[in-house]
>>> print(open('structure-v3.txt').read())   # compact mmCIF, C-alpha atoms and all ligand atoms
# COMPACT_ATOMS: atom_id res chain seq x y z
CA MET A 1 -2.13 11.72 20.06
CA ARG A 2 -5.71 10.64 19.77
CA THR A 3 -7.84 10.49 22.87
CA LEU A 4 -8.93 6.97 23.57
CA SER A 5 -12.42 6.88 24.98
CA PRO A 6 -13.09 4.45 27.84
CA LEU A 7 -15.33 1.51 27.11
CA PRO A 8 -18.80 1.39 28.69
CA PRO A 9 -18.88 -1.44 31.30
CA ILE A 10 -21.58 -3.51 29.54
CA LEU A 11 -19.77 -3.39 26.23
CA PHE A 12 -16.53 -4.28 27.93
CA LEU A 13 -18.06 -7.41 29.45
CA ALA A 14 -19.36 -8.39 26.04
CA ILE A 15 -15.91 -8.08 24.51
CA TYR A 16 -14.17 -9.76 27.35
CA SER A 17 -16.37 -12.82 27.14
CA LEU A 18 -15.40 -13.22 23.46
CA SER A 19 -11.86 -14.09 24.24
CA PRO A 20 -11.06 -17.79 24.29
CA VAL A 21 -7.56 -17.12 25.54
CA ALA A 22 -6.80 -17.66 29.21
CA ILE A 23 -5.48 -14.59 30.95
CA ALA A 24 -2.23 -15.10 32.77
CA ARG A 25 -2.52 -14.74 36.53
CA SER A 26 0.10 -12.10 36.95
CA ALA A 27 -1.31 -8.88 35.53
CA ASN A 28 0.83 -6.61 33.48
CA THR A 29 0.30 -2.95 32.69
CA VAL A 30 0.27 -2.25 28.98
CA THR A 31 0.26 1.25 27.52
CA ILE A 32 -0.91 1.72 23.95
CA LYS A 33 0.46 4.65 21.96
CA ALA A 34 -0.51 6.08 18.61
CA ASN A 35 1.33 9.39 18.54
CA PHE A 36 3.61 8.89 15.53
CA PRO A 37 3.29 8.93 11.72
CA GLY A 38 1.06 6.22 10.30
CA ALA A 39 -0.41 5.21 13.67
CA ASN A 40 -4.01 4.13 13.91
CA ILE A 41 -5.70 2.32 16.78
CA ARG A 42 -8.73 2.37 19.01
CA VAL A 43 -8.49 0.72 22.42
CA VAL A 44 -11.87 -0.80 23.18
CA GLY A 45 -11.01 -2.58 26.40
CA LYS A 46 -8.13 -3.59 28.63
CA LYS A 47 -7.70 -6.02 31.45
CA ALA A 48 -4.82 -7.94 32.97
CA ASN A 49 -2.67 -9.16 30.08
CA MET A 50 -5.28 -8.62 27.40
CA VAL A 51 -5.87 -5.52 25.28
CA HIS A 52 -8.92 -5.28 23.02
CA LEU A 53 -8.39 -3.17 19.96
CA ALA A 54 -10.01 -2.02 16.74
CA PRO A 55 -8.93 -0.08 13.66
CA ASP A 56 -9.90 3.58 13.90
CA TRP A 57 -12.16 4.46 10.98
CA ARG A 58 -12.26 8.16 11.85
CA GLY A 59 -15.73 8.60 10.44
CA ASP A 60 -14.96 6.79 7.19
CA ASN A 61 -16.04 3.33 6.10
CA PRO A 62 -14.84 0.15 7.86
CA TRP A 63 -11.43 -1.14 6.80
CA PHE A 64 -8.64 -3.12 8.45
CA TYR A 65 -5.63 -0.83 8.86
CA TRP A 66 -4.12 -0.43 12.34
CA TYR A 67 -0.66 0.40 13.73
CA PHE A 68 0.26 1.05 17.36
CA GLU A 69 3.03 0.86 19.95
CA ALA A 70 2.65 -1.19 23.11
CA ILE A 71 4.77 -0.69 26.21
CA ALA A 72 4.59 -3.49 28.77
CA LYS A 73 5.53 -2.61 32.31
CA LYS A 74 7.14 -6.00 32.88
CA PRO A 75 8.29 -8.97 30.81
CA GLY A 76 5.79 -11.66 29.91
CA PRO A 77 3.04 -12.51 27.43
CA VAL A 78 0.37 -10.01 26.42
CA HIS A 79 -2.63 -10.80 24.25
CA PHE A 80 -3.95 -8.33 21.71
CA SER A 81 -7.40 -9.02 20.35
CA PHE A 82 -9.58 -7.49 17.63
CA PRO A 83 -13.06 -8.63 18.67
CA GLU A 84 -15.02 -8.95 15.44
CA LYS A 85 -18.40 -8.81 17.14
CA VAL A 86 -17.52 -5.44 18.59
CA ILE A 87 -15.93 -3.87 15.55
CA GLY A 88 -18.55 -5.46 13.28
CA PHE A 89 -16.04 -5.93 10.54
CA LYS A 90 -15.37 -9.30 9.04
CA ASN A 91 -12.63 -8.46 6.59
CA GLY A 92 -9.85 -9.64 8.86
CA ALA A 93 -7.71 -7.73 11.33
CA ILE A 94 -4.70 -10.05 11.13
CA GLY A 95 -3.31 -11.28 7.83
CA PRO A 96 -2.15 -14.75 6.75
CA GLN A 97 1.39 -14.14 8.06
CA GLY A 98 0.31 -12.67 11.38
CA PRO A 99 0.83 -9.03 12.38
CA ALA A 100 3.92 -7.06 11.39
CA VAL A 101 6.24 -6.40 14.32
CA SER A 102 9.09 -3.97 15.00
CA THR A 103 11.24 -3.95 18.13
CA ASP A 104 13.27 -0.90 17.06
CA LEU A 105 10.57 1.77 16.98
CA GLY A 106 9.54 1.16 13.40
CA ASN A 107 12.98 1.13 11.76
CA THR A 108 12.85 -2.51 10.73
CA TRP A 109 9.90 -4.85 10.46
CA LYS A 110 9.06 -8.45 9.92
CA TRP A 111 5.93 -10.55 9.74
CA MET A 112 5.46 -12.23 13.09
CA GLY A 113 4.09 -15.49 11.70
CA THR A 114 0.99 -17.25 12.96
CA LYS A 115 2.37 -19.44 15.73
CA ASN A 116 1.03 -17.02 18.32
CA VAL A 117 -2.12 -16.07 16.44
CA LYS A 118 -5.54 -17.52 17.08
CA GLY A 119 -8.38 -16.04 15.04
CA SER A 120 -8.27 -12.32 15.61
CA ILE A 121 -6.03 -12.54 18.69
CA PHE A 122 -2.24 -12.50 18.80
CA ARG A 123 0.15 -12.97 21.68
CA PHE A 124 3.51 -11.31 22.13
CA ASN A 125 6.08 -12.15 24.73
CA PHE A 126 7.71 -9.00 26.06
CA THR A 127 11.26 -9.77 27.12
CA ARG A 128 12.08 -6.82 29.38
CA SER A 129 10.47 -4.15 31.54
CA ASN A 130 9.07 -1.18 29.65
CA GLN A 131 9.92 -2.73 26.30
CA ARG A 132 8.42 -0.75 23.43
CA VAL A 133 7.17 -2.84 20.53
CA ARG A 134 5.29 -1.67 17.47
CA PHE A 135 2.64 -3.80 15.83
CA ALA A 136 0.80 -3.21 12.59
CA VAL A 137 -1.53 -5.04 10.26
CA THR A 138 1.01 -4.49 7.48
CA ILE A 139 4.60 -3.30 7.23
CA PRO A 140 4.35 0.50 7.23
CA TYR A 141 5.78 2.60 4.39
CA LEU A 142 5.77 6.27 5.34
CA GLN A 143 7.32 9.60 4.43
CA SER A 144 10.43 8.56 6.39
CA ASP A 145 10.83 5.56 4.03
CA LEU A 146 10.50 7.71 0.93
CA ASP A 147 12.93 10.25 2.44
CA GLN A 148 15.44 7.47 3.00
CA PHE A 149 15.12 6.41 -0.64
CA LEU A 150 15.55 10.01 -1.80
CA LYS A 151 18.53 10.60 0.47
CA LYS A 152 20.22 7.43 -0.70
CA ASN A 153 19.80 8.54 -4.30
CA ALA A 154 20.32 12.28 -3.82
CA SER A 155 23.25 12.41 -6.23
CA ASN A 156 21.72 10.12 -8.83
CA PRO A 157 21.84 11.94 -12.19
CA TYR A 158 18.65 10.31 -13.51
CA LEU A 159 16.33 11.23 -10.64
CA GLN A 160 14.73 14.60 -10.12
CA LYS A 161 12.49 15.47 -7.21
CA ARG A 162 9.79 18.02 -7.78
CA THR A 163 6.58 19.04 -6.08
CA LEU A 164 3.34 17.87 -7.61
CA THR A 165 1.17 19.92 -5.29
CA LYS A 166 0.35 20.41 -1.62
CA SER A 167 -2.09 18.17 0.17
CA ARG A 168 -5.22 19.53 1.83
CA LYS A 169 -3.27 19.73 5.08
CA GLY A 170 -0.31 21.51 3.48
CA ARG A 171 2.08 18.58 3.04
CA ILE A 172 4.28 18.51 -0.05
CA VAL A 173 3.27 15.77 -2.50
CA GLU A 174 6.36 14.61 -4.36
CA LEU A 175 6.63 14.17 -8.09
CA LEU A 176 9.70 12.21 -9.12
CA GLN A 177 10.98 12.34 -12.66
CA ILE A 178 13.28 9.76 -14.16
CA GLY A 179 14.80 10.37 -17.56
CA LYS A 180 14.01 13.20 -19.91
CA LEU A 181 11.10 13.78 -22.20
CA ARG A 182 12.27 14.00 -25.81
CA THR A 183 10.40 13.47 -29.04
CA SER A 184 11.42 9.82 -29.31
CA VAL A 185 10.47 9.06 -25.72
CA LYS A 186 7.07 8.08 -24.33
CA PRO A 187 5.83 9.52 -21.03
CA VAL A 188 4.81 7.04 -18.33
CA ILE A 189 3.06 7.80 -15.04
CA VAL A 190 3.24 5.51 -12.01
CA THR A 191 1.34 6.18 -8.82
CA GLY A 192 1.03 4.70 -5.35
CA ARG A 193 -1.15 5.08 -2.29
CA HIS A 194 -4.35 6.36 -3.81
CA HIS A 195 -5.41 4.23 -0.83
CA ALA A 196 -3.30 5.20 2.17
CA SER A 197 -3.20 1.84 3.93
CA GLU A 198 -1.87 -0.17 0.96
CA THR A 199 1.74 -0.08 2.12
CA ILE A 200 3.21 -3.24 0.57
CA ALA A 201 2.69 -1.87 -2.94
CA SER A 202 5.01 1.04 -2.00
CA PHE A 203 7.98 -1.27 -1.53
CA VAL A 204 7.40 -2.70 -5.02
CA LEU A 205 7.08 0.79 -6.48
CA GLU A 206 10.31 1.83 -4.73
CA GLY A 207 12.12 -1.18 -6.20
CA PHE A 208 10.79 -0.24 -9.64
CA LEU A 209 12.10 3.32 -9.28
CA GLN A 210 15.43 2.20 -7.83
CA GLU A 211 16.05 -0.02 -10.84
CA ALA A 212 14.89 2.67 -13.29
CA ILE A 213 17.63 5.05 -12.04
CA SER A 214 20.35 2.40 -12.02
CA ASP A 215 23.10 1.83 -14.58
CA SER A 216 21.89 -1.65 -15.49
CA PRO A 217 21.42 -2.40 -19.20
CA ALA A 218 17.66 -2.67 -18.61
CA ALA A 219 17.54 0.75 -16.95
CA ARG A 220 19.55 2.37 -19.74
CA GLU A 221 17.24 0.80 -22.28
CA PHE A 222 14.20 1.97 -20.31
CA ARG A 223 15.40 5.58 -20.16
CA LYS A 224 16.08 5.56 -23.90
CA LYS A 225 12.43 4.80 -24.60
CA TYR A 226 10.52 6.25 -21.66
CA ALA A 227 10.35 9.25 -19.35
CA LEU A 228 8.96 8.15 -16.01
CA TYR A 229 6.91 10.33 -13.66
CA ALA A 230 6.16 8.89 -10.24
CA ILE A 231 3.85 10.02 -7.47
CA PRO A 232 4.64 7.68 -4.56
CA PHE A 233 2.02 9.11 -2.16
CA VAL A 234 -1.17 10.27 -3.85
CA ASP A 235 -3.02 10.47 -0.51
CA LYS A 236 -0.10 11.99 1.39
CA ASP A 237 -2.19 13.12 4.38
CA GLY A 238 -3.76 9.69 4.73
CA VAL A 239 -0.37 7.95 4.61
CA GLU A 240 1.18 10.11 7.31
CA GLU A 241 -1.87 10.22 9.54
CA GLY A 242 -2.54 6.49 9.30
CA ASP A 243 -5.95 6.73 7.68
CA GLN A 244 -7.65 3.76 6.10
CA GLY A 245 -7.86 5.74 2.84
CA LYS A 246 -9.82 3.06 1.01
CA ASN A 247 -13.51 3.97 0.76
CA ARG A 248 -12.90 7.37 2.31
CA LYS A 249 -16.07 9.49 2.38
CA PRO A 250 -17.60 10.87 0.19
CA TYR A 251 -15.30 8.86 -2.10
CA ASP A 252 -11.63 8.03 -2.00
CA HIS A 253 -8.75 9.37 -4.11
CA ASN A 254 -9.13 6.58 -6.65
CA ARG A 255 -12.78 7.50 -7.25
CA ASP A 256 -12.00 11.17 -7.75
CA TYR A 257 -11.08 11.20 -11.46
CA ARG A 258 -14.21 13.22 -12.20
CA SER A 259 -14.79 16.47 -14.05
CA LYS A 260 -14.49 18.28 -10.70
CA SER A 261 -12.01 16.49 -8.45
CA ILE A 262 -12.14 17.20 -4.72
CA TYR A 263 -8.55 16.23 -3.85
CA PRO A 264 -5.69 18.59 -4.82
CA GLU A 265 -3.51 15.57 -5.71
CA ILE A 266 -5.97 14.30 -8.33
CA ARG A 267 -6.46 17.77 -9.76
CA ALA A 268 -2.66 18.05 -10.02
CA ILE A 269 -2.31 14.63 -11.69
CA LYS A 270 -4.89 15.63 -14.30
CA GLU A 271 -3.13 18.96 -14.79
CA LEU A 272 0.22 17.19 -15.21
CA ASP A 273 -1.36 14.91 -17.78
CA ARG A 274 -2.59 17.92 -19.77
CA THR A 275 1.08 18.92 -20.11
CA MET A 276 2.62 15.49 -20.51
CA ASN A 277 -0.07 13.46 -22.31
CA PHE A 278 0.90 10.17 -20.63
CA ARG A 279 0.76 7.13 -22.89
CA PHE A 280 1.28 4.57 -20.11
CA SER A 281 -0.10 4.45 -16.58
CA LEU A 282 0.52 1.93 -13.83
CA ASP A 283 -1.14 2.41 -10.46
CA PHE A 284 0.19 0.38 -7.50
CA HIS A 285 -2.29 -0.99 -4.95
CA CYS A 286 -2.86 -3.79 -2.44
CA PRO A 287 -6.13 -5.71 -2.35
CA THR A 288 -7.99 -6.85 0.78
CA LEU A 289 -6.11 -8.61 3.55
CA VAL A 290 -7.61 -12.07 3.93
CA MET A 291 -9.92 -12.82 0.98
CA PRO A 292 -8.66 -16.02 -0.68
CA ASP A 293 -8.81 -14.49 -4.19
CA HIS A 294 -6.59 -11.63 -3.03
CA GLN A 295 -3.53 -13.66 -2.08
CA VAL A 296 -2.01 -13.27 -5.58
CA MET A 297 -0.69 -10.41 -7.70
CA TYR A 298 -3.19 -9.30 -10.32
CA PHE A 299 -3.90 -6.57 -12.81
CA VAL A 300 -7.24 -4.81 -13.01
CA GLY A 301 -8.45 -2.01 -15.25
CA PRO A 302 -10.37 -1.57 -18.50
CA LYS A 303 -9.80 -4.49 -20.87
CA ASN A 304 -10.71 -2.64 -24.05
CA HIS A 305 -9.41 0.84 -23.25
CA PRO A 306 -7.01 1.53 -24.75
CA PRO A 307 -7.90 -0.93 -27.54
CA ASN A 308 -4.82 -3.10 -27.03
CA ASN A 309 -4.82 -2.89 -23.26
CA TYR A 310 -5.55 -6.55 -22.65
CA LYS A 311 -2.88 -7.64 -25.10
CA ASN A 312 -0.32 -5.25 -23.62
CA VAL A 313 -1.05 -5.99 -19.97
CA SER A 314 -0.99 -9.74 -20.68
CA ALA A 315 2.38 -9.47 -22.43
CA PHE A 316 3.74 -7.38 -19.54
CA ALA A 317 2.35 -9.83 -16.95
CA GLY A 318 3.96 -12.71 -18.83
CA GLN A 319 7.34 -10.99 -18.69
CA ILE A 320 6.94 -10.16 -15.00
CA LYS A 321 6.27 -13.84 -14.25
CA LYS A 322 9.48 -14.79 -16.03
CA ASN A 323 11.48 -12.20 -14.09
CA LEU A 324 10.08 -12.58 -10.57
CA PRO A 325 12.34 -14.26 -8.04
CA ARG A 326 11.37 -17.53 -6.42
CA ASN A 327 8.86 -17.35 -3.62
CA ALA A 328 7.18 -14.26 -5.02
CA PRO A 329 3.38 -14.26 -4.72
CA VAL A 330 1.58 -16.11 -7.53
CA GLY A 331 0.85 -14.07 -10.65
CA PRO A 332 0.42 -11.49 -11.82
CA LEU A 333 -2.91 -12.63 -13.17
CA VAL A 334 -4.78 -10.45 -15.65
CA TRP A 335 -8.28 -9.60 -14.48
CA LEU A 336 -9.10 -6.65 -16.71
CA LYS A 337 -12.78 -6.13 -17.48
CA ASN A 338 -14.62 -4.63 -20.43
CA ALA A 339 -15.82 -1.14 -19.73
CA SER A 340 -18.07 0.95 -21.94
CA GLU A 341 -17.90 4.10 -19.80
CA PRO A 342 -14.92 5.27 -17.77
CA ALA A 343 -15.25 4.87 -14.00
CA PRO A 344 -13.69 7.78 -12.09
CA MET A 345 -10.53 5.75 -11.38
CA ASN A 346 -6.89 6.22 -12.33
CA SER A 347 -6.69 3.25 -14.72
CA HIS A 348 -9.88 4.31 -16.52
CA TYR A 349 -8.90 7.96 -16.66
CA PHE A 350 -5.65 7.10 -18.42
CA GLY A 351 -6.99 4.09 -20.33
CA PHE A 352 -9.81 5.95 -22.03
CA LYS A 353 -7.49 8.65 -23.35
CA LYS A 354 -6.84 8.90 -27.04
CA ASP A 355 -3.30 7.66 -27.79
CA ALA A 356 -3.04 5.64 -24.57
CA ILE A 357 -1.04 2.44 -24.94
CA MET A 358 -1.45 0.75 -21.55
CA ALA A 359 -3.29 1.68 -18.37
CA ALA A 360 -3.73 -0.66 -15.43
CA THR A 361 -3.77 -1.13 -11.70
CA ILE A 362 -1.46 -3.73 -10.20
CA GLU A 363 -2.58 -5.29 -6.93
CA ILE A 364 0.18 -6.66 -4.70
CA PRO A 365 -1.05 -8.95 -1.89
CA PHE A 366 -0.15 -7.97 1.67
CA ALA A 367 1.14 -11.27 3.00
CA PRO A 368 0.04 -14.45 1.22
CA LYS A 369 0.86 -17.58 3.12
CA GLY A 370 4.27 -19.06 2.34
CA LYS A 371 5.28 -16.17 0.03
CA ASN A 372 7.76 -13.37 0.68
CA THR A 373 6.40 -9.89 1.10
CA GLU A 374 9.07 -8.45 3.36
CA PRO A 375 10.38 -5.04 2.17
CA ASP A 376 13.49 -6.28 0.34
CA SER A 377 11.58 -9.05 -1.44
CA CYS A 378 9.02 -6.50 -2.60
CA ARG A 379 11.77 -4.18 -3.82
CA ALA A 380 13.12 -7.11 -5.85
CA TYR A 381 9.67 -7.58 -7.40
CA GLY A 382 9.74 -3.93 -8.42
CA LYS A 383 13.08 -4.49 -10.10
CA ALA A 384 11.56 -7.46 -11.97
CA PHE A 385 8.68 -5.22 -13.11
CA LEU A 386 11.18 -2.78 -14.63
CA HIS A 387 13.04 -5.55 -16.44
CA ALA A 388 9.73 -6.94 -17.66
CA TRP A 389 8.68 -3.52 -18.93
CA VAL A 390 11.79 -3.25 -21.07
CA LYS A 391 11.28 -6.73 -22.51
CA THR A 392 7.61 -6.21 -23.34
CA ARG A 393 6.66 -5.28 -26.87
CA PHE A 394 3.75 -2.90 -26.37
CA HIS A 395 1.26 -2.45 -29.18
CA PRO A 396 0.10 1.12 -29.81
CA PRO A 397 -3.61 1.68 -30.48
CA THR A 398 -4.59 0.57 -33.97
CA LYS A 399 -5.59 3.23 -36.45
CA THR A 400 -9.11 1.81 -36.87
CA ASN A 401 -9.84 2.55 -33.22
ZN ZN B 1 -6.28 0.27 -3.56
>>> encode(input="structure-v3.txt", output="structure tokens")
Amino acid sequence: MRTLSPLPPILFLAIYSLSPVAIARSANTVTIKANFPGANIRVVGKKANMVHLAPDWRGDNPWFYWYFEAIAKKPGPVHFSFPEKVIGFKNGAIGPQGPAVSTDLGNTWKWMGTKNVKGSIFRFNFTRSNQRVRFAVTIPYLQSDLDQFLKKNASNPYLQKRTLTKSRKGRIVELLQIGKLRTSVKPVIVTGRHHASETIASFVLEGFLQEAISDSPAAREFRKKYALYAIPFVDKDGVEEGDQGKNRKPYDHNRDYRSKSIYPEIRAIKELDRTMNFRFSLDFHCPTLVMPDHQVMYFVGPKNHPPNNYKNVSAFAGQIKKNLPRNAPVGPLVWLKNASEPAPMNSHYFGFKKDAIMAATIEIPFAPKGKNTEPDSCRAYGKAFLHAWVKTRFHPPTKTN
């Protein structure tokens, strides 16, 4: 568990005066815990039925990820606030569908909605003494979720679990292989969590993998043409420890595709590519939480690398749109940009390779208003991505390039 430092009295008064919410007369005692995988919180002040909180940046750059457990001594409403003036971070602490909430210790989650949200404050009504409720800025996807997926599919003949490498802190980083590499088959790499806090993308990636190992006609067709290699947690330590991940210092995992990479996972991905020579790469991410432009699905990456990237990503995006269920987020839109030099990012690393066919990043919004991004909906989007992949006619690089 992390030690929570007490707030200096002057700072506390400053925070307290920010709150427009009336404090209920009968004070409750609320304990905040962060001693489990994925947890991240900083308590900056506490009084009566109000707890002031902030994401813990742990020495890295400001970002919005937080996840904690609250235990209320007695039933009744408690307010949780993220005072922007104190944390100095304007990128939103609560998303457009409110916080994510779990009343069964993180086993199941839903978006709370915004009825009890005002600005950066939300209220929760505890229904019994010592009730334990978990709250997070997004629905967590952790090692336990991946383990559940692997357990469920342990006897699947198309899925192999291997070890890509070990993280800096000694955790095993999984490499999943679907299908077999033969001469007529093209190798594809899919990755998730280069940025640890981007959890919603993991549910989509899981749905994609689940469909790829199924017996559906699309899956059989996919495995005839492609061998799929998946790394669900590139920043494994960050995922399990609840780091922000994005903009990690000195640079994050998705800025580490350099001649000398500092993270073992990126070194291992590059090493794997030297063996496999991946022709396709799709990297799963989530964008920012509240920016209006980021409430849709969209592709980013180098438009002109490989030469037909824009054409291929656009065709793929078009098929995804046709296959997505109703109430999916808008998109995917195609926001690839011309690049003359490769940036040290996954999509550029794979896109600038000779023989590459498609390389892109897909951004899945956390919780756009009125759209479904609960786990099962996101898994269904992943399934639609797989179907779209099979239906897309990808153009290989032209000889003149
Ligand atoms: Zn990202």
>>> residues_near_ligand(input="structure-v3.txt", ligand="ligand ZN 1 (chain B)", cutoff="10 Å", atoms="only C-alpha atoms and all ligand atoms", output="PyMOL selection string")
chain A and resi 192-199+201+245-247+252-254+283-288+361-364
>>> write_last_selection(input="structure-v3.txt", atoms="C-alpha atoms", output="PDB file, keeping the file's coordinate frame")
ATOM      1  CA  GLY A 192       1.030   4.700  -5.350  1.00  0.00           C
ATOM      2  CA  ARG A 193      -1.150   5.080  -2.290  1.00  0.00           C
ATOM      3  CA  HIS A 194      -4.350   6.360  -3.810  1.00  0.00           C
ATOM      4  CA  HIS A 195      -5.410   4.230  -0.830  1.00  0.00           C
ATOM      5  CA  ALA A 196      -3.300   5.200   2.170  1.00  0.00           C
ATOM      6  CA  SER A 197      -3.200   1.840   3.930  1.00  0.00           C
ATOM      7  CA  GLU A 198      -1.870  -0.170   0.960  1.00  0.00           C
ATOM      8  CA  THR A 199       1.740  -0.080   2.120  1.00  0.00           C
ATOM      9  CA  ALA A 201       2.690  -1.870  -2.940  1.00  0.00           C
ATOM     10  CA  GLY A 245      -7.860   5.740   2.840  1.00  0.00           C
ATOM     11  CA  LYS A 246      -9.820   3.060   1.010  1.00  0.00           C
ATOM     12  CA  ASN A 247     -13.510   3.970   0.760  1.00  0.00           C
ATOM     13  CA  ASP A 252     -11.630   8.030  -2.000  1.00  0.00           C
ATOM     14  CA  HIS A 253      -8.750   9.370  -4.110  1.00  0.00           C
ATOM     15  CA  ASN A 254      -9.130   6.580  -6.650  1.00  0.00           C
ATOM     16  CA  ASP A 283      -1.140   2.410 -10.460  1.00  0.00           C
ATOM     17  CA  PHE A 284       0.190   0.380  -7.500  1.00  0.00           C
ATOM     18  CA  HIS A 285      -2.290  -0.990  -4.950  1.00  0.00           C
ATOM     19  CA  CYS A 286      -2.860  -3.790  -2.440  1.00  0.00           C
ATOM     20  CA  PRO A 287      -6.130  -5.710  -2.350  1.00  0.00           C
ATOM     21  CA  THR A 288      -7.990  -6.850   0.780  1.00  0.00           C
ATOM     22  CA  THR A 361      -3.770  -1.130 -11.700  1.00  0.00           C
ATOM     23  CA  ILE A 362      -1.460  -3.730 -10.200  1.00  0.00           C
ATOM     24  CA  GLU A 363      -2.580  -5.290  -6.930  1.00  0.00           C
ATOM     25  CA  ILE A 364       0.180  -6.660  -4.700  1.00  0.00           C
TER      26      ILE A 364
END
>>> residues_around(input="structure-v3.txt", residues="Asn309 (chain A)", least_positions_apart="5", cutoff="6 Å", atoms="only C-alpha atoms", output="list of chain:residue names")
A:Lys303, A:Asn304, A:Met358
>>> closest_residue(input="structure-v3.txt", among="A:Trp111, A:Phe233, A:Trp389, A:Trp66", to="Pro99 (chain A)", atoms="only C-alpha atoms")
A:Trp111
>>> atom_distance(input="structure-v3.txt", atom1="CA of Lys85 (chain A)", atom2="CA of Ala54 (chain A)")
10.8 Å
>>> closest_residue(input="structure-v3.txt", among="A:Arg42, A:Arg162, A:Arg128, A:Lys353", to="Pro232 (chain A)", atoms="only C-alpha atoms")
A:Arg162
>>> closest_residue(input="structure-v3.txt", among="A:Leu324, A:Leu181, A:Ala356, A:Ala72", to="Tyr226 (chain A)", atoms="all atoms listed in the file")
A:Leu181
>>> closest_residue(input="structure-v3.txt", among="A:Trp335, A:Trp57, A:Tyr381, A:Phe299", to="Val204 (chain A)", atoms="all atoms listed in the file")
A:Tyr381
>>> closest_residue(input="structure-v3.txt", among="A:Lys118, A:Arg279, A:Lys354, A:Arg134", to="Ala39 (chain A)", atoms="only C-alpha atoms")
A:Arg134
>>> residues_near_point(input="structure-v3.txt", point="(9.0, 4.4, -19.6)", cutoff="8 Å", atoms="only C-alpha atoms", output="JSON, numbers by chain")
{"A": [185, 186, 187, 188, 222, 223, 225, 226, 227, 228, 280, 389]}
>>> closest_residue(input="structure-v3.txt", among="A:Arg171, A:His395, A:Arg379, A:Lys180", to="Pro157 (chain A)", atoms="only C-alpha atoms")
A:Lys180
>>> atom_distance(input="structure-v3.txt", atom1="CA of Val173 (chain A)", atom2="CA of Lys270 (chain A)")
14.3 Å
>>> atom_distance(input="structure-v3.txt", atom1="CA of Arg255 (chain A)", atom2="CA of Ile231 (chain A)")
16.8 Å
>>> residues_near_point(input="structure-v3.txt", point="(0.8, 10.1, 9.3)", cutoff="7 Å", atoms="all atoms listed in the file", output="number ranges by chain")
A: 36-39, 237-242
>>> residues_around(input="structure-v3.txt", residues="Val334 (chain A)", least_positions_apart="5", cutoff="9 Å", atoms="all atoms listed in the file", output="number ranges by chain")
A: 297-300, 310, 313-314, 317
